[in-house]
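Novice: Submitted below is the structure of interest, expressed as structure tokens.
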Amino acid sequence: SRSSRGVPPPPSPPPQSNPMMAAPPPPAPPPQSHPLAATQNSGGAPFPQTMVAPMTAPMPAPQPINAPPQVAPAAPARPVADATQVIRPKSGGSAGLIIGALVLAAAAGVGAFFWMSARPGNVLVNVEVKGPKGTKVSVSLDGTEKCTDSTCRIEGISPGAHTVKAVAGDVEKKATINVEPGKDAIANLTLEVASKKTGVKLASSQTGIKVEIDGGSPRALPVEDDTLKPGDHTLKFTGPGGRYGTKEVKVTLEDGQIKTLDEVKLPLKSVKTKFVFLTKGTKAFLDDGSKKSELKDDGQPIELDTTKSYTVTATAPGHEDFSKKIEFGDEPDQAVKLELAEKGKATPPTPTPPPGPVAVKPTPTPTPTPTPTPAAGGEGSLFVNTLPASACVVDGTPRGKTPFTIKLSPGSHSITCVAKDGDETLKKSASANVNAGETAKVILKLRD
């Protein structure tokens with residue numbers, strides 16, 4: 001043998017590793033990231049990383065069969081670089097959808113904000129007019145007329161400050177309002193408009209005349225009505241007892257205008273005429289063209305038709321005959337004095353007849369002319385005043401309103417004065433005797 005010859009025995013072959021008996025290699029430590037490795041870039045996206053396979057632990061050196069078991073040395077620490085593991089990013093679709101949704105939501109929010117802030121609003125205007133009824137109103141917004149009512153709603157107004165103006169008559173008022181998106185802004189304005197008097201002032205020297213304005217109730221003259229509206233109006237005049245004809249007058253009134261008709265005259269259908277015999281033994285006859293009737297000296301008036309023509313004739317012993325055509329005036333009652341001149345003598349002065357515009361005189365007398373001072377010589381004066389003031393007729397001739405002074409021939413004169421007190425007509429008559437070169441005074445209280 002080799003040992004007997006001093007030759008060492010050959011080394012034993014290394015024991016075969018039994019995979020069932022061999023200790024399993026220690027598990028590989030989990031991959032570690034290098035402390036300096038960055039997993040994401042500045043934009044938040046991960047850097048691409050490379051997968052590194054773990055190192056396999058070295059196999060232990062073969063041991064002799066009788067050698068004690070050796071403990072496998074601990075695996076050396078792997079370099080930091082080997083422990084770095086780069087992980088590839090997953091698909092970026094989900095992140096893109098989320099970001100897109102956030103962007104869309106933000107844009108929608110901004111759009112909704114601007115839409116809400118730009119929505120139009122409305123303006124409600126209330127105008128109170130203190131003034132004449134029916135005063136027209138004009139409402140404008142920022143200089144443009146929007147309506148002509150005292151209450152109106154103006155829609156679709158852009159948000160912001162606006163100026164509302166209301167005009168009524170000669171008065172205007174402005175207000176600044178702030179319109180908020182989708183809301184109503186209210187403007188309350190008050191206008192005080194001074195009343196402009198528009199109407200008519202009517203009077204007549206004829207007694208009992210009434211007027212209907214635009215078909216209203218009859219009102220006795222004189223009438224002062226300043227409540228009419230500007231425009232066209234119809235005045236219908238009527239007289240009492242059916243003895244007057246009617247008369248219609250059309251007037252057009254401007255705003256603030258008072259139209260005056262101070263001498264309204266109606267045509268008479270008939271006149272009550274009283275014949276006064278002043279000459280003894282006078283016989284008088286009235287001829288209407290178709291028949292001739294004798295007049296009686298009884299003081300009773302005769303109703304004469306104004307559509308006919310009348311002539312009165314008179315005779316008296318020792319006096320001149322005369323013939324005179326009767327002329328009708330404006331009064332429904334009149335008196336005719338018959339005074340004849342003696343033969344061979346001058347015609348006596350004929351005084352103006354009492355109330356009534358007609359007088360039968362042998363010779364015409366001139367119409368008296370008003371004057372404030374008495375006339376010297378053969379004329380006198382008459383001063384007339386009333387309480388309240390009134391329109392007067394002297395001897396059938398209108399003389400205007402009191403007080404006044406007129407020149408008259410000497411003799412007896414009749415005065416009739418009429419005044420309007422509300423709906424009541426005041427009337428009073430009197431007579432006065434006028435002397436040459438003197439002033440007769442008549443002062444009447446129309447209300448007892």
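In the structure tokens, chains take the letters A, B, ... in the order shown, each chain's residues start at 1, and ligands count up from 1 in the order shown.
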Show which residues sit within 8 Å of A:Glu192, as a PyMOL selection string. Count only C-alpha atoms, and ignore same-chain residues fewer than 3 positions away.
Specialist: chain A and resi 129-131+171
Novice: Sorted by chain and rising residue number, list the residues of stretch 200-230 of chain A at most 10 Å from stretch 393-398 of chain A (counting only C-alpha atoms), each with its closest atom pair and distance in Å to one decimal, as CSV.
Specialist:
```
residue,atom,partner,partner_atom,distance
A:Ser204,CA,A:Pro398,CA,9.5
A:Ser205,CA,A:Pro398,CA,6.4
A:Gln206,CA,A:Pro398,CA,9.0
```
Novice: DSSP on the backbone, then: every residue of stretch 85-218 of chain A marked strand (DSSP E or B), written as an NGL selection string.
Specialist: :A and (121-130 or 137-141 or 144-147 or 151-157 or 160-168 or 171-179 or 184-192 or 198-202 or 210-213)
Novice: Which residues, written as a ChimeraX atom specification, have at least one atom at most 7 Å from A:Asp287, with only C-alpha atoms counted and residues fewer than 2 positions away on the same chain left out?
Specialist: /A:285,289,291-293,310-312
Novice: As a PyMOL selection string, please: the residues near A:Lys250 (cut-off 8 Å, only C-alpha atoms, same-chain neighbours under 2 positions excluded).
Specialist: chain A and resi 232-235+248+252
Novice: Keeping only N, CA and C atoms, write the selected residues as an mmCIF file, in the first residue's frame.
Specialist:
```cif
data_model
loop_
_atom_site.group_PDB
_atom_site.id
_atom_site.type_symbol
_atom_site.label_atom_id
_atom_site.label_comp_id
_atom_site.auth_asym_id
_atom_site.auth_seq_id
_atom_site.Cartn_x
_atom_site.Cartn_y
_atom_site.Cartn_z
ATOM 1 N N ASP A 232 -109.374 120.787 -28.563
ATOM 2 C CA ASP A 232 -110.608 121.334 -29.115
ATOM 3 C C ASP A 232 -111.771 121.117 -28.158
ATOM 4 N N HIS A 233 -112.634 122.138 -28.058
ATOM 5 C CA HIS A 233 -113.807 122.076 -27.189
ATOM 6 C C HIS A 233 -114.987 122.715 -27.909
ATOM 7 N N THR A 234 -116.196 122.253 -27.538
ATOM 8 C CA THR A 234 -117.432 122.776 -28.115
ATOM 9 C C THR A 234 -118.241 123.467 -27.026
ATOM 10 N N LEU A 235 -118.595 124.718 -27.286
ATOM 11 C CA LEU A 235 -119.416 125.500 -26.360
ATOM 12 C C LEU A 235 -120.794 125.686 -27.001
ATOM 13 N N GLU A 248 -123.504 127.523 -31.236
ATOM 14 C CA GLU A 248 -122.354 126.684 -30.925
ATOM 15 C C GLU A 248 -121.072 127.384 -31.355
ATOM 16 N N THR A 252 -110.228 126.195 -29.633
ATOM 17 C CA THR A 252 -109.039 125.363 -29.466
ATOM 18 C C THR A 252 -108.152 126.015 -28.420
#
```
Novice: Rounded to one decimal place, report the atom CA of A:Ser412-atom CA of A:Glu263 distance in Å.
Specialist: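 So the answer is 26.4 Å.
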